[in-house]
Amino acid sequence: MEREVAAEQAFVDRVYRQLEHAGQAAQSLAREGHSRAHLGHEGGLVERDAMVFQAAKRIAQLDAAHEGLVFGRLDLDATVDAEPRYVGRIGLRDDQHDSLLIDWRAPAAAVFYQATAAEPQHVLRRRVLRSTGRAVVGVEDELLDAEGMAAAEEAGRALPIIGEGALMAQLSRARDRSMHSIVATIQAEQDKAIRAPSKGVVSISGGPGTGKTVVALHRAAYLLYTDRQRYERGGVLVVGPSGVFMRYIERVLPSLGETAVALRSLGEVVDEVRATRHDEPAVADVKGSARMAEVMRRVSRQQAPGSPREYRVFWRDDRLVLDRGRLGQVRRQLMSQGLRNKQLPRVSNALLDALWRQVRGERGRDQGREKFNDEMLSRQDFLDFALAWWPPLDAAGVLCWLREPELLARVAEGVLSAEEQRLLAKSWAGLDPNRPISGQISIEDVPLLDELRYALGDVPQKADDERDDPLALIEGAVNIQELMTAADREYAPAGRAWRPPVSSIEDDGYAHVLIDEAQDLTPMQWRMVGRRGRTASWTIVGDPAQSSWPEPAEADAARAAALERKQIHRFHLSTNYRNSAEIYAHAAAYAERVGLDADLPDAVRRTGVPPREVRLTDGADLESATREAVLELAGAVSGTVGIVVPVARRSEVNAWLASWPELASDAAGARAAVDSSVTPSGDDRVVVLTGLDTKGLEFDGIVVVRPQEIEDESQTGRATLYVVLTRATQLLTTIS
């Protein structure tokens with residue numbers, strides 16, 4: 001081992017020296033580009049910008065590649081290549097421009113993942129290098145072609161086999177706060193999904209611990225490598241179940257050399273909006289239902305609270321009136337022509353038409369329509385009325401309208417039951433239009449906000465040369481910074497003019513959309529995500545048995561609508577790499593006992609330690625039992641320990657953890673998470689989470705507190721508890 005590590009270290013040192021040379025060359029290119037700033041002609045400026053841009057990209061790529069730069073080696077039979085091939089996070093060439101390191105996404109690296117003992121593809125030995133920083137700390141070998149190896153040894157090539165095999169070594173590692181890239185241990189069935197066709201939809205299914213998330217993230221990096229221009233220009237969106245999960249995976253793509261990816265939790269998909277808390281299950285079930293699309297459509301068509309209901313004016317010999325009936329006709333006419341905000345340029349003409357039809361006197365008729373329009377548009381009271389009656393609206397302000405029970409009942413009539421309306425009214429009662437919406441809404445509200453954005457449409461922008469022209473304002477080239485209505489004053493922050501959302505619905509599309517834990521998306525969340533992928537390719541990852549949505553058929557219909565009949569390439573992963581066989585047998589037995597239609601993969605690793613079940617008698621101290629179990633696991637594993645609790649107990653158990661002196665180093669981080677779904681940062685080993693918070697995560701040890709209460713929390717509590725039981729890699733304790 002020492003001899004082999006030393007030999008690999010010498011090569012790795014050479015690669016890092018070359019990396020530094022490449023970095024210096026990129027810096028030199030950047031300086032040269034900046035030095036051309038004096039060039040005044042257009043061609044020179046374009047050349048300068050291109051040089052600086054390409055240099056910056058290369059510098060960012062090189063900076064992101066330092067950790068675990070070299071991770072693989074292939075030794076092939078002599079008929080192909082007697083020299084070893086090294087695989088790493090990026091590609092590098094030496095000073096003679098010969099390949100020094102092969103990028104893991106390059107076609108030449110595919111055999112590193114695809115070769116097996118059954119089909120070695122000329123590979124004699126596959127080696128994985130384990131590194132800390134720049135230091136090689138170990139190697140793990142797999143013998144793929146015994147006959148070829150014997151022939152190589154006869155020819156004088158010494159290729160010893162070191163270690164227990166790369167995959168099993170990776171599985172034995174302690175889990176920390178971040179999911180590290182495991183490009184070195186991707187197996188053949190996973191590699192097929194990673195390198196699947198770029199068009200259409202790649203659907204990756206499989207039970208717990210089969211590596212679905214890792215495969216999906218590596219696929220995103222692979223697509224960026226194979227068609228960088230398309231995916232960098234259009235963008236790649238990665239959507240996960242929670243902020244906890246997104247922080248957990250955030251190091252993976254940068255470690256693969258990719259930084260042009262938007263990582264969003266379901267509470268962050270809409271630009272400039274962030275929600276971190278979940279509603280209670282009963283409320284979440286209503287907000288997630290596809291029926292809410294109709295409720296949002298209806299509320300988007302309501303008259304703005306506080307807007308005027310009538311306009312009167314005397315012109316020549318006629319008294320002209322826009323009463324509720326006439327205004328209703330104009331409203332229906334405008335609504336029939338498209339999205340509400342898009343009709344702003346038509347409002348003045350529609351109102352003027354309704355007024356002109358009432359002109360009967362000869363003096364008025366003799367003046368003609370053009371004179372009438374000019375005089376009316378010069379009246380400040382008419383301009384004020386038009387802008388107040390049909391104000392530009394933003395989704396956050398309209399959502400705040402639903403704090404009024406009467407309006408909610410009106411738009412939900414025939415769609416939601418009285419009890420569902422009551423739940424929503426209670427949820428939205430505290431909405432304050434004078435505060436930022438992000439701090440008030442739940443994760444389940446974000447798709448409703450997005451639905452309103454699309455139901456309202458973008459506000460047309462005003463041309464720069466019309467900025468100070470009131471006529472242009474009312475005729476539709478709307479200066480959204482200058483508009484202020486009665487409704488705006490009521491539903492906008494005090495003392496501030498109304499502001500539209502900075503982002504536009506026209507800017508929401510991506511070139512590729514990746515959805516993890518897809519089985520949990522509600523119909524409304526599928527509608528939200530679908531808008532971002534109408535012209536995109538997709539990667540969808542999930543396991544139906546782990547779903548927290550109670551109406552699978554409704555979610556399936558919404559998913560099909562989001563994908564718009566795109567071709568689907570299906571891949572199934574069948575091996576559980578996360579759990580020990582003992583832990584997964586316990587979880588699988590639970591799934592079968594409660595009737596879950598679970599996909600049960602094969603667990604490949606055994607520890608000899610079965611899960612421990614603690615059953616407390618009446619009057620027993622739950623805190624003491626939890627503390628004992630946590631300390632036992634923390635002392636037995638070197639990585640993370642999760643305490644999974646019912647939602648109602650999260651604050652209580654966090655307070656316990658903060659008071660346990662044996663875990664003082666974890667207390668500060670635990671206190672930070674008392675009333676939040678955010679995982680403590682730093683090196684804290686122990687964290688308290690709810691069942692839903694554990695989605696997509698893994699820990700070396702798990703303590704499950706009151707599993708029956710987790711099961712009873714919602715209609716899908718059994719699936720949630722099944723997820724919880726599959727989060728541990730080494731040790732599992734349940735306290736009932």
# chains A, B, ... in the order shown; residues from 1 in each chain; ligands from 1
>>> residues_around(residues="Ala719 in chain A", least_positions_apart="5", cutoff="12 Å", atoms="only C-alpha atoms", output="MDAnalysis selection string")
chainID A and resid 208 519:520 543:550 587:588 590:598 691:692 695 707 710:714 724:726
>>> select_by_dssp(residues="range 501-656 of chain A", states="helix (DSSP H, G or I)", output="mmCIF file with C-alpha atoms, in the first residue's frame")
data_model
loop_
_atom_site.group_PDB
_atom_site.id
_atom_site.type_symbol
_atom_site.label_atom_id
_atom_site.label_comp_id
_atom_site.auth_asym_id
_atom_site.auth_seq_id
_atom_site.Cartn_x
_atom_site.Cartn_y
_atom_site.Cartn_z
ATOM 1 C CA ILE A 505 -42.404 35.385 -16.579
ATOM 2 C CA GLU A 506 -40.748 35.445 -19.990
ATOM 3 C CA ASP A 507 -37.386 34.842 -18.295
ATOM 4 C CA ALA A 518 -40.147 14.141 -7.647
ATOM 5 C CA GLN A 519 -42.659 11.838 -5.966
ATOM 6 C CA ASP A 520 -43.336 14.594 -3.391
ATOM 7 C CA PRO A 523 -49.952 19.205 -8.646
ATOM 8 C CA MET A 524 -49.438 22.940 -8.115
ATOM 9 C CA GLN A 525 -45.677 22.444 -7.746
ATOM 10 C CA TRP A 526 -45.633 20.459 -10.981
ATOM 11 C CA ARG A 527 -47.381 23.402 -12.693
ATOM 12 C CA MET A 528 -44.762 25.783 -11.295
ATOM 13 C CA VAL A 529 -41.800 23.661 -12.341
ATOM 14 C CA GLY A 530 -43.372 22.800 -15.683
ATOM 15 C CA ARG A 531 -43.397 26.465 -16.698
ATOM 16 C CA PRO A 544 -43.311 6.537 -5.456
ATOM 17 C CA ALA A 545 -43.191 4.581 -2.189
ATOM 18 C CA GLN A 546 -41.595 7.596 -0.497
ATOM 19 C CA PRO A 552 -50.882 10.117 -6.669
ATOM 20 C CA ALA A 553 -53.254 10.147 -9.659
ATOM 21 C CA GLU A 554 -53.694 13.926 -9.435
ATOM 22 C CA ALA A 555 -49.931 14.445 -9.221
ATOM 23 C CA ASP A 556 -49.346 12.059 -12.151
ATOM 24 C CA ALA A 557 -51.744 14.075 -14.319
ATOM 25 C CA ALA A 558 -49.979 17.323 -13.409
ATOM 26 C CA ARG A 559 -46.603 15.744 -14.119
ATOM 27 C CA ALA A 560 -47.771 14.549 -17.545
ATOM 28 C CA ALA A 561 -49.019 18.051 -18.347
ATOM 29 C CA ALA A 562 -45.694 19.571 -17.264
ATOM 30 C CA LEU A 563 -43.740 17.224 -19.535
ATOM 31 C CA ALA A 581 -28.361 -4.835 4.995
ATOM 32 C CA GLU A 582 -29.527 -5.007 8.604
ATOM 33 C CA ILE A 583 -31.012 -1.486 8.565
ATOM 34 C CA TYR A 584 -32.677 -1.875 5.202
ATOM 35 C CA ALA A 585 -34.190 -5.228 6.132
ATOM 36 C CA HIS A 586 -35.829 -3.462 9.084
ATOM 37 C CA ALA A 587 -37.159 -0.656 6.847
ATOM 38 C CA ALA A 588 -38.352 -3.103 4.170
ATOM 39 C CA ALA A 589 -40.175 -5.175 6.778
ATOM 40 C CA TYR A 590 -41.971 -2.036 7.964
ATOM 41 C CA ALA A 591 -42.958 -1.131 4.383
ATOM 42 C CA GLU A 592 -44.414 -4.579 3.810
ATOM 43 C CA ARG A 593 -46.178 -4.582 7.183
ATOM 44 C CA LEU A 622 -38.367 10.400 26.931
ATOM 45 C CA GLU A 623 -35.597 12.996 27.148
ATOM 46 C CA SER A 624 -33.288 10.678 29.097
ATOM 47 C CA ALA A 625 -33.899 7.820 26.678
ATOM 48 C CA THR A 626 -33.243 10.082 23.683
ATOM 49 C CA ARG A 627 -30.095 11.501 25.243
ATOM 50 C CA GLU A 628 -28.743 8.015 25.983
ATOM 51 C CA ALA A 629 -29.437 6.841 22.429
ATOM 52 C CA VAL A 630 -27.859 9.927 20.829
ATOM 53 C CA LEU A 631 -24.729 9.687 22.976
ATOM 54 C CA GLU A 632 -24.400 6.006 22.162
ATOM 55 C CA LEU A 633 -24.568 6.639 18.412
ATOM 56 C CA ALA A 634 -22.329 9.720 18.556
ATOM 57 C CA GLY A 635 -19.700 7.655 20.327
ATOM 58 C CA ALA A 636 -19.967 4.756 17.898
ATOM 59 C CA VAL A 647 -43.218 18.111 13.879
ATOM 60 C CA ALA A 648 -44.861 18.959 17.196
ATOM 61 C CA ARG A 649 -41.761 17.889 19.139
ATOM 62 C CA ARG A 650 -39.035 19.596 17.089
ATOM 63 C CA SER A 651 -38.635 22.688 19.285
ATOM 64 C CA GLU A 652 -38.748 20.593 22.450
ATOM 65 C CA VAL A 653 -36.067 18.148 21.311
ATOM 66 C CA ASN A 654 -33.869 20.950 19.978
ATOM 67 C CA ALA A 655 -34.000 22.510 23.430
ATOM 68 C CA TRP A 656 -32.951 19.170 24.952
#
>>> residues_around(residues="Gly328 in chain A", least_positions_apart="6", cutoff="10 Å", atoms="only C-alpha atoms", output="PyMOL selection string")
chain A and resi 303+309+322+334
>>> residues_around(residues="Pro436 in chain A", least_positions_apart="3", cutoff="10 Å", atoms="only C-alpha atoms", output="list in words")
Val273, Ala396, Leu431, Asp432, Pro433, Gly439, Gln440, Ile441, Ala492 and Pro493 of chain A
>>> write_last_selection(atoms="all heavy atoms", output="mmCIF file, in the first residue's frame")
data_model
loop_
_atom_site.group_PDB
_atom_site.id
_atom_site.type_symbol
_atom_site.label_atom_id
_atom_site.label_comp_id
_atom_site.auth_asym_id
_atom_site.auth_seq_id
_atom_site.Cartn_x
_atom_site.Cartn_y
_atom_site.Cartn_z
ATOM 1 N N VAL A 273 -38.166 35.092 -4.321
ATOM 2 C CA VAL A 273 -39.083 34.600 -3.285
ATOM 3 C C VAL A 273 -38.401 33.453 -2.563
ATOM 4 O O VAL A 273 -37.785 32.595 -3.197
ATOM 5 C CB VAL A 273 -40.418 34.127 -3.902
ATOM 6 C CG1 VAL A 273 -41.298 33.487 -2.837
ATOM 7 C CG2 VAL A 273 -41.145 35.291 -4.560
ATOM 8 N N ALA A 396 -47.787 39.089 -5.408
ATOM 9 C CA ALA A 396 -47.762 39.158 -3.946
ATOM 10 C C ALA A 396 -48.924 39.984 -3.421
ATOM 11 O O ALA A 396 -49.585 39.613 -2.442
ATOM 12 C CB ALA A 396 -46.426 39.735 -3.472
ATOM 13 N N LEU A 431 -51.391 37.609 6.691
ATOM 14 C CA LEU A 431 -50.641 38.243 5.602
ATOM 15 C C LEU A 431 -50.680 39.761 5.754
ATOM 16 O O LEU A 431 -51.740 40.362 5.928
ATOM 17 C CB LEU A 431 -51.217 37.842 4.245
ATOM 18 C CG LEU A 431 -50.953 36.416 3.768
ATOM 19 C CD1 LEU A 431 -51.604 36.190 2.406
ATOM 20 C CD2 LEU A 431 -49.458 36.132 3.691
ATOM 21 N N ASP A 432 -49.516 40.360 5.684
ATOM 22 C CA ASP A 432 -49.393 41.808 5.850
ATOM 23 C C ASP A 432 -48.794 42.388 4.575
ATOM 24 O O ASP A 432 -47.622 42.146 4.259
ATOM 25 C CB ASP A 432 -48.495 42.122 7.049
ATOM 26 C CG ASP A 432 -48.366 43.613 7.314
ATOM 27 O OD1 ASP A 432 -48.877 44.411 6.502
ATOM 28 O OD2 ASP A 432 -47.740 43.974 8.329
ATOM 29 N N PRO A 433 -49.566 43.160 3.811
ATOM 30 C CA PRO A 433 -49.048 43.703 2.544
ATOM 31 C C PRO A 433 -47.932 44.719 2.731
ATOM 32 O O PRO A 433 -47.278 45.091 1.762
ATOM 33 C CB PRO A 433 -50.288 44.356 1.912
ATOM 34 C CG PRO A 433 -51.193 44.637 3.058
ATOM 35 C CD PRO A 433 -50.964 43.554 4.055
ATOM 36 N N GLY A 439 -41.067 36.541 3.843
ATOM 37 C CA GLY A 439 -41.042 36.205 5.257
ATOM 38 C C GLY A 439 -42.365 35.732 5.800
ATOM 39 O O GLY A 439 -42.455 35.370 6.977
ATOM 40 N N GLN A 440 -43.407 35.708 4.971
ATOM 41 C CA GLN A 440 -44.744 35.397 5.466
ATOM 42 C C GLN A 440 -45.324 34.107 4.922
ATOM 43 O O GLN A 440 -46.147 33.479 5.586
ATOM 44 C CB GLN A 440 -45.692 36.543 5.101
ATOM 45 C CG GLN A 440 -45.250 37.911 5.581
ATOM 46 C CD GLN A 440 -46.282 38.957 5.212
ATOM 47 O OE1 GLN A 440 -47.377 38.982 5.758
ATOM 48 N NE2 GLN A 440 -45.932 39.819 4.263
ATOM 49 N N ILE A 441 -44.928 33.730 3.740
ATOM 50 C CA ILE A 441 -45.596 32.605 3.085
ATOM 51 C C ILE A 441 -44.887 31.289 3.356
ATOM 52 O O ILE A 441 -43.731 31.242 3.754
ATOM 53 C CB ILE A 441 -45.703 32.834 1.564
ATOM 54 C CG1 ILE A 441 -44.310 32.991 0.951
ATOM 55 C CG2 ILE A 441 -46.589 34.015 1.268
ATOM 56 C CD1 ILE A 441 -44.329 33.119 -0.557
ATOM 57 N N ALA A 492 -49.611 48.046 -0.617
ATOM 58 C CA ALA A 492 -48.159 48.207 -0.784
ATOM 59 C C ALA A 492 -47.580 48.764 0.499
ATOM 60 O O ALA A 492 -48.299 49.332 1.317
ATOM 61 C CB ALA A 492 -47.861 49.142 -1.961
ATOM 62 N N PRO A 493 -46.274 48.582 0.726
ATOM 63 C CA PRO A 493 -45.647 49.092 1.944
ATOM 64 C C PRO A 493 -45.877 50.593 2.110
ATOM 65 O O PRO A 493 -45.820 51.355 1.152
ATOM 66 C CB PRO A 493 -44.153 48.777 1.725
ATOM 67 C CG PRO A 493 -44.156 47.625 0.780
ATOM 68 C CD PRO A 493 -45.328 47.843 -0.116
#
>>> closest_residue(among="A:Ala284, A:Leu237, A:Val111, A:Ala354", to="Asp516 in chain A", atoms="only C-alpha atoms")
A:Leu237
>>> select_by_dssp(residues="range 516-598 of chain A", states="strand (DSSP E)", output="count of residues only")
18
>>> atom_distance(atom1="CA of Arg532 in chain A", atom2="CA of Ala290 in chain A")
17.8 Å
>>> closest_residue(among="A:Ala115, A:Leu377, A:Leu124, A:Val238", to="Asp81 in chain A", atoms="only C-alpha atoms")
A:Leu124
>>> closest_residue(among="A:Val15, A:Ala188, A:Val244, A:Leu327", to="Asp94 in chain A", atoms="only C-alpha atoms")
A:Val15
